[in-house]
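This is entry_39.txt (compact mmCIF, C-alpha atoms).
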# COMPACT_ATOMS: atom_id res chain seq x y z
CA MET W 300 -186.44 124.79 3.06
CA PRO W 301 -184.70 122.99 0.18
CA THR W 302 -181.44 124.45 -1.05
CA GLN W 303 -180.71 125.28 -4.66
CA PRO W 304 -177.64 124.59 -6.81
CA ILE W 305 -175.17 127.42 -7.28
CA GLY W 306 -176.11 127.83 -10.95
CA SER W 307 -179.54 129.18 -10.03
CA LEU W 308 -178.03 132.31 -8.46
CA PHE W 309 -178.01 134.49 -11.52
CA CYS W 310 -181.67 135.48 -11.40
CA GLU W 311 -181.79 136.11 -7.64
CA ARG W 312 -181.86 139.54 -6.02
CA ALA W 313 -180.72 138.12 -2.69
CA TRP W 314 -179.83 134.72 -1.29
CA ILE W 315 -178.11 132.76 1.45
CA THR W 316 -175.17 130.50 0.68
CA ILE W 317 -174.72 127.34 2.74
CA ASP W 318 -171.12 126.11 2.78
CA LEU W 319 -171.44 122.33 3.02
CA ASP W 320 -167.67 121.92 3.38
CA ALA W 321 -167.74 124.11 6.48
CA LEU W 322 -170.74 122.21 7.82
CA ALA W 323 -168.99 118.87 7.32
CA HIS W 324 -165.83 120.27 8.94
CA ASN W 325 -167.78 121.39 12.01
CA ALA W 326 -169.47 118.00 12.37
CA ARG W 327 -166.10 116.23 12.20
CA GLN W 328 -164.51 118.61 14.70
CA LEU W 329 -167.38 118.20 17.13
CA LYS W 330 -167.35 114.43 16.74
CA LYS W 331 -163.61 114.35 17.47
CA SER W 332 -164.14 116.37 20.66
CA LEU W 333 -166.48 113.77 22.17
CA LEU W 334 -165.77 110.76 24.33
CA PRO W 335 -165.50 107.60 22.20
CA GLN W 336 -168.85 106.24 23.39
CA THR W 337 -170.75 109.54 22.98
CA GLU W 338 -173.02 109.97 19.96
CA LEU W 339 -173.63 113.29 18.23
CA MET W 340 -177.22 114.46 17.78
CA ALA W 341 -177.66 117.30 15.28
CA VAL W 342 -180.38 119.77 16.22
CA VAL W 343 -182.02 120.77 12.92
CA LYS W 344 -185.17 122.45 14.22
CA ALA W 345 -186.28 125.79 12.75
CA ASP W 346 -185.22 124.58 9.29
CA GLY W 347 -181.76 123.77 10.53
CA TYR W 348 -181.44 127.17 12.24
CA GLY W 349 -182.30 128.74 8.91
CA HIS W 350 -179.72 126.72 6.96
CA GLY W 351 -182.07 124.17 5.36
CA ALA W 352 -182.84 121.15 7.56
CA ALA W 353 -182.76 118.38 4.96
CA THR W 354 -179.51 119.58 3.40
CA VAL W 355 -177.92 119.94 6.83
CA ALA W 356 -179.14 116.50 7.90
CA ARG W 357 -177.77 114.73 4.83
CA THR W 358 -174.40 116.44 5.17
CA VAL W 359 -173.83 115.79 8.86
CA LEU W 360 -175.10 112.21 8.78
CA GLU W 361 -172.24 111.49 6.38
CA GLN W 362 -169.82 112.79 9.02
CA GLY W 363 -170.77 110.52 11.89
CA VAL W 364 -173.88 112.18 13.29
CA THR W 365 -176.29 109.42 14.36
CA TRP W 366 -179.36 111.29 15.64
CA LEU W 367 -181.41 114.29 14.58
CA ALA W 368 -183.63 116.53 16.71
CA VAL W 369 -186.56 118.73 15.67
CA ALA W 370 -189.12 120.82 17.54
CA THR W 371 -192.34 119.94 15.70
CA ILE W 372 -194.02 117.06 13.94
CA LEU W 373 -194.05 119.03 10.69
CA GLU W 374 -190.28 119.46 10.86
CA GLY W 375 -189.86 115.72 11.33
CA LYS W 376 -192.31 114.97 8.52
CA GLU W 377 -190.37 117.18 6.11
CA LEU W 378 -187.15 115.31 6.89
CA ARG W 379 -188.81 111.96 6.27
CA GLN W 380 -190.29 113.22 3.01
CA ALA W 381 -186.78 114.27 2.02
CA GLY W 382 -185.64 110.67 2.45
CA ILE W 383 -183.92 111.02 5.83
CA THR W 384 -184.04 107.69 7.72
CA ALA W 385 -181.96 108.47 10.83
CA PRO W 386 -183.72 108.44 14.23
CA ILE W 387 -185.42 111.76 14.94
CA LEU W 388 -186.12 113.06 18.44
CA LEU W 389 -189.17 115.30 18.72
CA LEU W 390 -188.19 117.90 21.33
CA GLY W 391 -191.57 119.61 21.57
CA ALA W 392 -194.35 118.38 23.79
CA VAL W 393 -197.12 116.19 22.37
CA GLN W 394 -200.18 118.46 22.36
CA ALA W 395 -203.07 116.13 21.57
CA PRO W 396 -203.77 112.39 21.34
CA GLN W 397 -204.38 112.78 17.61
CA GLU W 398 -200.71 113.66 17.16
CA VAL W 399 -199.68 110.16 18.17
CA ASP W 400 -200.75 108.75 14.79
CA ALA W 401 -198.69 111.37 12.95
CA ILE W 402 -195.69 110.69 15.16
CA ALA W 403 -195.94 106.99 14.39
CA SER W 404 -196.54 107.54 10.68
CA TRP W 405 -193.36 109.57 10.33
CA GLN W 406 -191.35 107.38 12.70
CA LEU W 407 -190.58 110.17 15.13
CA GLN W 408 -189.61 109.60 18.75
CA PRO W 409 -191.61 111.89 21.05
CA THR W 410 -190.59 113.62 24.24
CA LEU W 411 -192.80 113.00 27.28
CA CYS W 412 -193.14 115.86 29.75
CA SER W 413 -196.17 114.98 31.89
CA PRO W 414 -198.27 111.99 33.02
CA LYS W 415 -201.15 113.15 30.80
CA GLN W 416 -198.95 113.07 27.73
CA ALA W 417 -197.51 109.71 28.66
CA LEU W 418 -200.97 108.20 29.09
CA ALA W 419 -202.12 109.61 25.75
CA VAL W 420 -199.14 108.23 23.85
CA SER W 421 -199.48 104.86 25.58
CA GLN W 422 -203.22 104.69 24.87
CA TYR W 423 -203.10 105.75 21.23
CA ALA W 424 -199.87 104.03 20.19
CA LYS W 425 -200.70 100.98 18.10
CA GLN W 426 -197.26 99.44 18.55
CA PRO W 427 -194.26 99.78 20.88
CA THR W 428 -193.02 103.37 20.70
CA SER W 429 -189.62 104.73 21.63
CA VAL W 430 -190.07 107.74 23.90
CA HIS W 431 -187.72 110.21 25.54
CA ILE W 432 -188.24 111.89 28.89
CA ASN W 433 -187.26 115.51 29.49
CA ILE W 434 -186.58 116.41 33.10
CA ASP W 435 -186.47 120.03 34.29
CA THR W 436 -183.23 120.41 36.26
CA GLY W 437 -183.28 124.20 36.15
CA MET W 438 -184.46 125.49 32.78
CA SER W 439 -188.03 125.96 34.10
CA ARG W 440 -189.38 124.91 30.73
CA LEU W 441 -190.62 121.47 29.67
CA GLY W 442 -190.65 118.38 31.85
CA PRO W 443 -191.40 117.57 35.49
CA LEU W 444 -189.25 119.22 38.11
CA TRP W 445 -186.21 117.12 38.87
CA GLN W 446 -187.47 116.28 42.37
CA GLN W 447 -190.43 114.47 40.76
CA GLY W 448 -188.38 113.12 37.86
CA ALA W 449 -187.71 109.63 39.19
CA ALA W 450 -191.38 109.06 40.05
CA PHE W 451 -192.42 110.19 36.57
CA ILE W 452 -189.90 107.90 34.90
CA GLU W 453 -191.06 104.97 37.04
CA PHE W 454 -194.65 105.74 36.02
CA VAL W 455 -193.78 105.81 32.31
CA ALA W 456 -191.92 102.51 32.67
CA THR W 457 -195.18 100.83 33.76
CA LEU W 458 -197.20 101.95 30.74
CA PRO W 459 -197.81 99.61 27.81
CA ASN W 460 -196.41 100.36 24.35
CA LEU W 461 -193.77 102.76 25.69
CA GLN W 462 -190.05 102.05 25.53
CA ILE W 463 -187.87 104.65 27.25
CA ALA W 464 -185.08 105.41 24.78
CA SER W 465 -183.47 108.27 26.68
CA ILE W 466 -183.70 110.62 29.61
CA TYR W 467 -182.44 114.13 29.13
CA SER W 468 -182.35 117.64 30.49
CA HIS W 469 -181.20 121.01 29.19
CA PHE W 470 -178.61 123.45 30.50
CA ALA W 471 -179.89 126.96 31.17
CA THR W 472 -176.57 128.78 31.67
CA ALA W 473 -173.89 126.72 29.90
CA ASP W 474 -172.73 129.74 27.91
CA ASP W 475 -172.23 131.90 31.01
CA ALA W 476 -168.79 132.61 32.44
CA ASP W 477 -170.01 131.36 35.82
CA SER W 478 -170.50 127.59 35.55
CA SER W 479 -171.87 127.08 39.07
CA PHE W 480 -175.51 126.60 38.07
CA MET W 481 -174.47 124.34 35.21
CA GLU W 482 -172.77 122.15 37.79
CA THR W 483 -175.89 122.29 39.94
CA GLN W 484 -177.98 121.02 37.03
CA GLN W 485 -175.55 118.21 36.37
CA SER W 486 -175.63 117.23 40.05
CA ARG W 487 -179.43 117.09 39.92
CA PHE W 488 -179.28 115.00 36.76
CA GLN W 489 -176.80 112.62 38.40
CA THR W 490 -179.05 112.25 41.43
CA LEU W 491 -181.96 111.42 39.15
CA THR W 492 -180.06 108.76 37.23
CA GLN W 493 -178.94 107.14 40.48
CA GLN W 494 -182.55 107.06 41.68
CA ILE W 495 -183.79 105.24 38.57
CA GLN W 496 -180.91 102.78 38.78
CA THR W 497 -181.89 102.05 42.37
CA ALA W 498 -185.49 101.55 41.21
CA GLY W 499 -184.28 98.89 38.79
CA ILE W 500 -185.29 100.71 35.61
CA LEU W 501 -183.33 99.58 32.59
CA GLN W 502 -180.77 102.31 31.96
CA PRO W 503 -181.68 104.30 28.83
CA LYS W 504 -179.41 106.73 27.00
CA LEU W 505 -178.63 109.90 28.92
CA HIS W 506 -178.01 113.36 27.48
CA LEU W 507 -177.64 116.80 28.99
CA ALA W 508 -175.32 118.95 26.87
CA ASN W 509 -176.29 121.52 24.28
CA SER W 510 -173.58 123.20 22.16
CA ALA W 511 -172.17 125.16 25.09
CA GLY W 512 -172.32 122.15 27.36
CA THR W 513 -170.59 120.00 24.77
CA LEU W 514 -167.74 122.49 24.41
CA SER W 515 -167.44 122.83 28.20
CA GLY W 516 -165.85 119.41 28.62
CA PRO W 517 -166.30 115.63 28.42
CA GLN W 518 -167.80 115.45 31.91
CA TYR W 519 -171.05 116.66 30.33
CA HIS W 520 -171.13 114.34 27.32
CA TYR W 521 -172.88 111.18 28.63
CA ASP W 522 -174.31 108.95 25.85
CA LEU W 523 -175.41 111.75 23.53
CA VAL W 524 -174.84 115.46 23.02
CA ARG W 525 -177.37 117.72 21.30
CA VAL W 526 -175.50 120.22 19.14
CA GLY W 527 -177.18 122.99 17.20
CA LEU W 528 -175.43 126.36 17.07
CA ALA W 529 -171.87 125.02 16.98
CA LEU W 530 -172.71 122.77 14.06
CA TYR W 531 -173.46 125.89 12.02
CA GLY W 532 -170.07 127.39 12.84
CA LEU W 533 -171.27 129.78 15.53
CA TYR W 534 -169.90 129.90 19.05
CA PRO W 535 -172.31 130.03 22.02
CA GLU W 536 -169.76 132.24 23.77
CA ALA W 537 -166.41 133.75 22.76
CA LYS W 538 -164.54 131.69 25.36
CA PHE W 539 -165.17 128.54 23.31
CA ARG W 540 -163.12 129.79 20.36
CA GLN W 541 -160.05 128.41 22.12
CA GLU W 542 -161.62 124.97 22.47
CA ILE W 543 -162.48 124.14 18.86
CA HIS W 544 -162.08 125.57 15.36
CA LEU W 545 -165.45 126.05 13.70
CA GLN W 546 -166.19 127.52 10.28
CA PRO W 547 -169.24 129.72 9.57
CA VAL W 548 -171.68 127.93 7.29
CA MET W 549 -174.03 130.76 6.27
CA GLN W 550 -173.39 133.86 4.18
CA LEU W 551 -175.98 136.49 3.25
CA LYS W 552 -175.65 138.12 -0.16
CA ALA W 553 -177.64 140.41 -2.45
CA ARG W 554 -177.20 142.30 -5.70
CA VAL W 555 -176.92 145.98 -6.55
CA THR W 556 -180.11 146.97 -8.38
CA GLN W 557 -179.44 150.68 -9.03
CA ILE W 558 -176.66 153.24 -8.62
CA LYS W 559 -177.17 156.97 -8.32
CA THR W 560 -175.25 160.10 -7.38
CA LEU W 561 -176.79 162.22 -4.63
CA LEU W 562 -175.89 165.82 -3.88
CA ALA W 563 -174.91 166.98 -0.41
CA GLY W 564 -177.90 167.47 1.88
CA THR W 565 -180.04 164.76 0.24
CA GLY W 566 -182.21 162.64 2.53
CA VAL W 567 -182.03 158.87 2.08
CA SER W 568 -184.94 156.43 2.56
CA TYR W 569 -188.00 156.70 4.82
CA GLY W 570 -187.86 159.48 7.37
CA HIS W 571 -184.58 160.77 5.97
CA THR W 572 -182.75 159.22 8.92
CA TYR W 573 -179.58 159.73 6.91
CA VAL W 574 -178.69 162.92 5.05
CA THR W 575 -175.69 162.94 2.74
CA PRO W 576 -172.89 165.11 4.19
CA GLN W 577 -171.39 165.61 0.73
CA LYS W 578 -171.91 164.45 -2.83
CA MET W 579 -172.15 160.64 -2.69
CA LYS W 580 -172.49 157.62 -4.92
CA VAL W 581 -175.20 155.38 -3.50
CA ALA W 582 -176.09 151.81 -4.48
CA VAL W 583 -179.51 150.30 -3.92
CA VAL W 584 -179.30 146.66 -2.81
CA GLY W 585 -182.15 144.19 -3.32
CA ILE W 586 -182.73 142.99 0.21
CA GLY W 587 -184.72 144.34 3.16
CA TYR W 588 -186.49 143.59 6.38
CA ALA W 589 -189.01 141.31 4.67
CA ASP W 590 -186.04 139.05 3.97
CA GLY W 591 -184.93 139.12 7.59
CA VAL W 592 -182.52 142.07 7.74
CA PRO W 593 -183.68 143.71 10.98
CA ARG W 594 -184.85 147.29 10.48
CA PRO W 595 -183.26 148.43 13.79
CA LEU W 596 -179.89 147.86 12.10
CA SER W 597 -180.54 150.86 9.84
CA ASN W 598 -177.49 153.16 9.61
CA ARG W 599 -175.57 150.80 11.89
CA ILE W 600 -174.20 148.01 9.73
CA THR W 601 -171.58 147.72 7.02
CA ALA W 602 -171.53 145.62 3.87
CA LEU W 603 -168.80 144.26 1.59
CA ILE W 604 -168.60 144.95 -2.13
CA ARG W 605 -165.64 144.29 -4.42
CA GLY W 606 -163.62 143.40 -1.34
CA GLN W 607 -164.24 146.75 0.35
CA ARG W 608 -166.25 147.59 3.45
CA VAL W 609 -168.97 150.21 2.99
CA GLN W 610 -171.60 151.80 5.22
CA GLN W 611 -175.30 151.04 5.00
CA ILE W 612 -177.22 154.33 4.99
CA GLY W 613 -180.84 155.27 5.56
CA SER W 614 -183.71 153.21 6.89
CA ILE W 615 -183.75 149.59 5.77
CA THR W 616 -186.95 149.16 3.77
CA MET W 617 -189.09 146.10 3.19
CA ASP W 618 -187.28 144.92 0.08
CA GLN W 619 -184.25 147.18 -0.32
CA LEU W 620 -181.48 149.01 1.47
CA MET W 621 -178.86 151.55 0.44
CA ILE W 622 -175.08 151.60 0.79
CA ASP W 623 -172.47 154.32 0.28
CA VAL W 624 -170.16 153.20 -2.55
CA SER W 625 -168.46 156.56 -3.11
CA GLN W 626 -165.01 155.09 -2.50
CA VAL W 627 -165.50 151.86 -4.46
CA PRO W 628 -164.49 152.08 -8.12
CA ASN W 629 -166.34 150.38 -10.96
CA VAL W 630 -169.44 149.37 -9.01
CA GLY W 631 -172.08 148.08 -11.40
CA ILE W 632 -175.65 146.83 -11.52
CA GLY W 633 -175.70 143.19 -10.47
CA ASP W 634 -172.57 143.38 -8.32
CA VAL W 635 -172.72 141.07 -5.32
CA VAL W 636 -172.97 142.66 -1.88
CA THR W 637 -172.08 140.58 1.18
CA LEU W 638 -174.03 141.51 4.30
CA LEU W 639 -172.87 138.55 6.39
CA GLY W 640 -169.83 136.49 5.47
CA GLN W 641 -166.57 137.15 3.69
CA ASP W 642 -165.42 139.03 0.60
CA GLY W 643 -161.67 138.86 0.07
CA GLU W 644 -160.00 139.41 3.43
CA ALA W 645 -162.91 141.37 4.88
CA LYS W 646 -165.47 139.61 7.08
CA ILE W 647 -168.79 140.38 8.72
CA PRO W 648 -169.70 137.65 11.25
CA VAL W 649 -173.23 136.95 12.39
CA GLU W 650 -172.19 137.97 15.89
CA THR W 651 -171.75 141.56 14.68
CA TRP W 652 -175.47 141.93 14.06
CA ALA W 653 -176.35 140.09 17.27
CA ASP W 654 -174.15 142.42 19.32
CA LEU W 655 -175.64 145.53 17.71
CA LEU W 656 -179.15 144.32 18.51
CA GLY W 657 -178.35 143.05 22.00
CA THR W 658 -179.46 139.56 21.07
CA ILE W 659 -177.94 136.16 20.22
CA SER W 660 -176.71 134.63 16.98
CA TYR W 661 -179.55 132.09 17.05
CA GLU W 662 -182.12 134.82 16.51
CA ILE W 663 -180.25 136.29 13.55
CA VAL W 664 -179.82 133.08 11.54
CA CYS W 665 -183.32 131.83 12.37
CA GLY W 666 -184.82 135.15 11.27
CA PHE W 667 -184.09 134.95 7.54
CA LYS W 668 -187.29 134.46 5.59
CA PRO W 669 -188.24 131.68 3.13
CA ARG W 670 -188.15 134.02 0.14
CA LEU W 671 -184.35 134.03 0.45
CA PRO W 672 -183.17 130.95 -1.47
CA ARG W 673 -180.64 128.79 0.35
CA VAL W 674 -177.90 127.90 -2.12
CA SER W 675 -175.57 125.00 -1.36
CA VAL W 676 -171.87 125.52 -2.02
CA MET W 677 -169.35 122.66 -1.87
CA LYS W 678 -165.79 122.65 -3.18
CA THR W 679 -164.80 119.12 -2.24
CA LEU W 680 -165.77 116.15 -4.37

Give the structure from this file in structure tokens form.
Amino acid sequence: MPTQPIGSLFCERAWITIDLDALAHNARQLKKSLLPQTELMAVVKADGYGHGAATVARTVLEQGVTWLAVATILEGKELRQAGITAPILLLGAVQAPQEVDAIASWQLQPTLCSPKQALAVSQYAKQPTSVHINIDTGMSRLGPLWQQGAAFIEFVATLPNLQIASIYSHFATADDADSSFMETQQSRFQTLTQQIQTAGILQPKLHLANSAGTLSGPQYHYDLVRVGLALYGLYPEAKFRQEIHLQPVMQLKARVTQIKTLLAGTGVSYGHTYVTPQKMKVAVVGIGYADGVPRPLSNRITALIRGQRVQQIGSITMDQLMIDVSQVPNVGIGDVVTLLGQDGEAKIPVETWADLLGTISYEIVCGFKPRLPRVSVMKTL
């Protein structure tokens, strides 16, 4: 989704701000944490984790990122149409031979996961095509099992029109306190790379680390690291806060659309899940679950207005929610309410919502809907 300039905010009921200074800071910090020979690949799938893929890509490429990764052909196409020329790894599996033309047209580099896919890409490619091979070392997702990995790579190496650009795998438990299975996966990956060296296959780039793997130490860096969550200023696990200073990139804001005084004993919103315990001043805020504010957070979250923290009350509705502003003086129509982010010294991190819902930060930031404009903010020149 394209981002909008800050001046377009004044007619919006709700929006997301994208702090490009914070994004650039995170890219620089991550780049500095890598081994000198290791390149940084920015994962911008799912519209840059909800931050706006093209805007994210342009910003981080200026900070030393050399590769981009997406999940689908459409995501790669949108980056190319936005003028992005950096190499783009297509993480998702090629589904049909007809996709090979689209991959070539948009200069994407596909991932091969099976002999059938490899044959299709080889057969339908009209020119030499850079391909990447995903090996399953323990994620139980895409790619051949690691025991068959070397044979699959040797098979791909024999096919015409295919040039193996990289071999990679994906950590399943890098954000866990127990790193034993992470080490098992790395050992399997090492065994695989030794096997292909013995087979005489020209050594391609190797990559294994996601955000958590990258922050776990240089032993996991290899030739590339694939960083998504950390780039957006979110930590895969609290333990990594000591390893690197990241700045949150996204803030979620909305405007007050009405203010009313309710008497004690008044039910609020659908089902009257909240009843006022005393006379209260309530503000209606123009954002709801159709924008991506999860309804199960009803009566559980706080918001920030005029630098003060207030309680959300009643069921979150499709387009609106209510907050108790009884203790906030001078609240007016159009006042900005921060649901995620910072107002003065007060903060509401994304992790707060994730913890309340028993989920992960990825799901929160990827869940905000397209009708929320993404507005770029940058202080530096």

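Atom pair atom CA of Phe480 of chain W / atom CA of Tyr534 of chain W: separated by 20.1 Å.
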
- [ ] May I have the residues within 9 Å of Lys376 of chain W as an NGL selection string, using all atoms listed in the file and disregarding those fewer than 6 positions away in the same chain?
- [x] :W and (401-402 or 404-407)

In Å and to one decimal, atom CA of Pro459 of chain W is distant from atom CA of Trp445 of chain W by 23.7 Å

Write out as an mmCIF file with C-alpha atoms, in the coordinates of the input each polymer residue whose atoms come within 10 Å of Ile500 of chain W, counting all atoms listed in the file; drop sequence neighbours fewer than 3 positions from it.
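Result file around_32.cif:
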data_model
loop_
_atom_site.group_PDB
_atom_site.id
_atom_site.type_symbol
_atom_site.label_atom_id
_atom_site.label_comp_id
_atom_site.auth_asym_id
_atom_site.auth_seq_id
_atom_site.Cartn_x
_atom_site.Cartn_y
_atom_site.Cartn_z
ATOM 1 C CA ALA W 449 -187.710 109.630 39.190
ATOM 2 C CA ILE W 452 -189.900 107.900 34.900
ATOM 3 C CA GLU W 453 -191.060 104.970 37.040
ATOM 4 C CA ALA W 456 -191.920 102.510 32.670
ATOM 5 C CA ILE W 463 -187.870 104.650 27.250
ATOM 6 C CA THR W 492 -180.060 108.760 37.230
ATOM 7 C CA GLN W 494 -182.550 107.060 41.680
ATOM 8 C CA ILE W 495 -183.790 105.240 38.570
ATOM 9 C CA GLN W 496 -180.910 102.780 38.780
ATOM 10 C CA THR W 497 -181.890 102.050 42.370
ATOM 11 C CA PRO W 503 -181.680 104.300 28.830
#

Atom CA of Pro535 of chain W to atom CA of Ala471 of chain W, distance in Å rounded to a single decimal: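 Interatomic distance, atom CA of Pro535 of chain W to atom CA of Ala471 of chain W: 12.3 Å.
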
Self-check item: Proximity to Leu561 of chain W - best of W:Lys425, W:Arg357, W:Lys580, W:Arg525, all atoms listed in the file
Solution: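 Among the listed residues, the smallest separation from Leu561 of chain W belongs to W:Lys580.
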
Gln489 of chain W environment, 12 Å, only C-alpha atoms, sequence neighbours closer than 2 positions dropped, as an MDAnalysis selection string:
chainID W and resid 434 436 445:446 448:449 466:468 482:487 491:496 505:507 518:519 521

Q.
Counting only C-alpha atoms, which residue out of W:Glu536, W:Ser421, W:Pro396, W:Leu458 sits closest to Thr472 of chain W?
A.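 When distances to Thr472 of chain W are compared using only C-alpha atoms, the smallest one comes from W:Glu536.
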
**Item:** Exercise: Asp618 of chain W partners within 7 Å, all atoms listed in the file, chain neighbours under 5 positions left out, as an MDAnalysis selection string
**Value:** chainID W and resid 585:589

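Near His520 of chain W, within a cut-off of 9 Å and counting all atoms listed in the file, sit the residues Leu333, Leu334, Thr337, Glu338, Leu505, His506, Leu507, Ala508, Gly512 and Thr513 of chain W, with same-chain residues fewer than 5 positions away left out.
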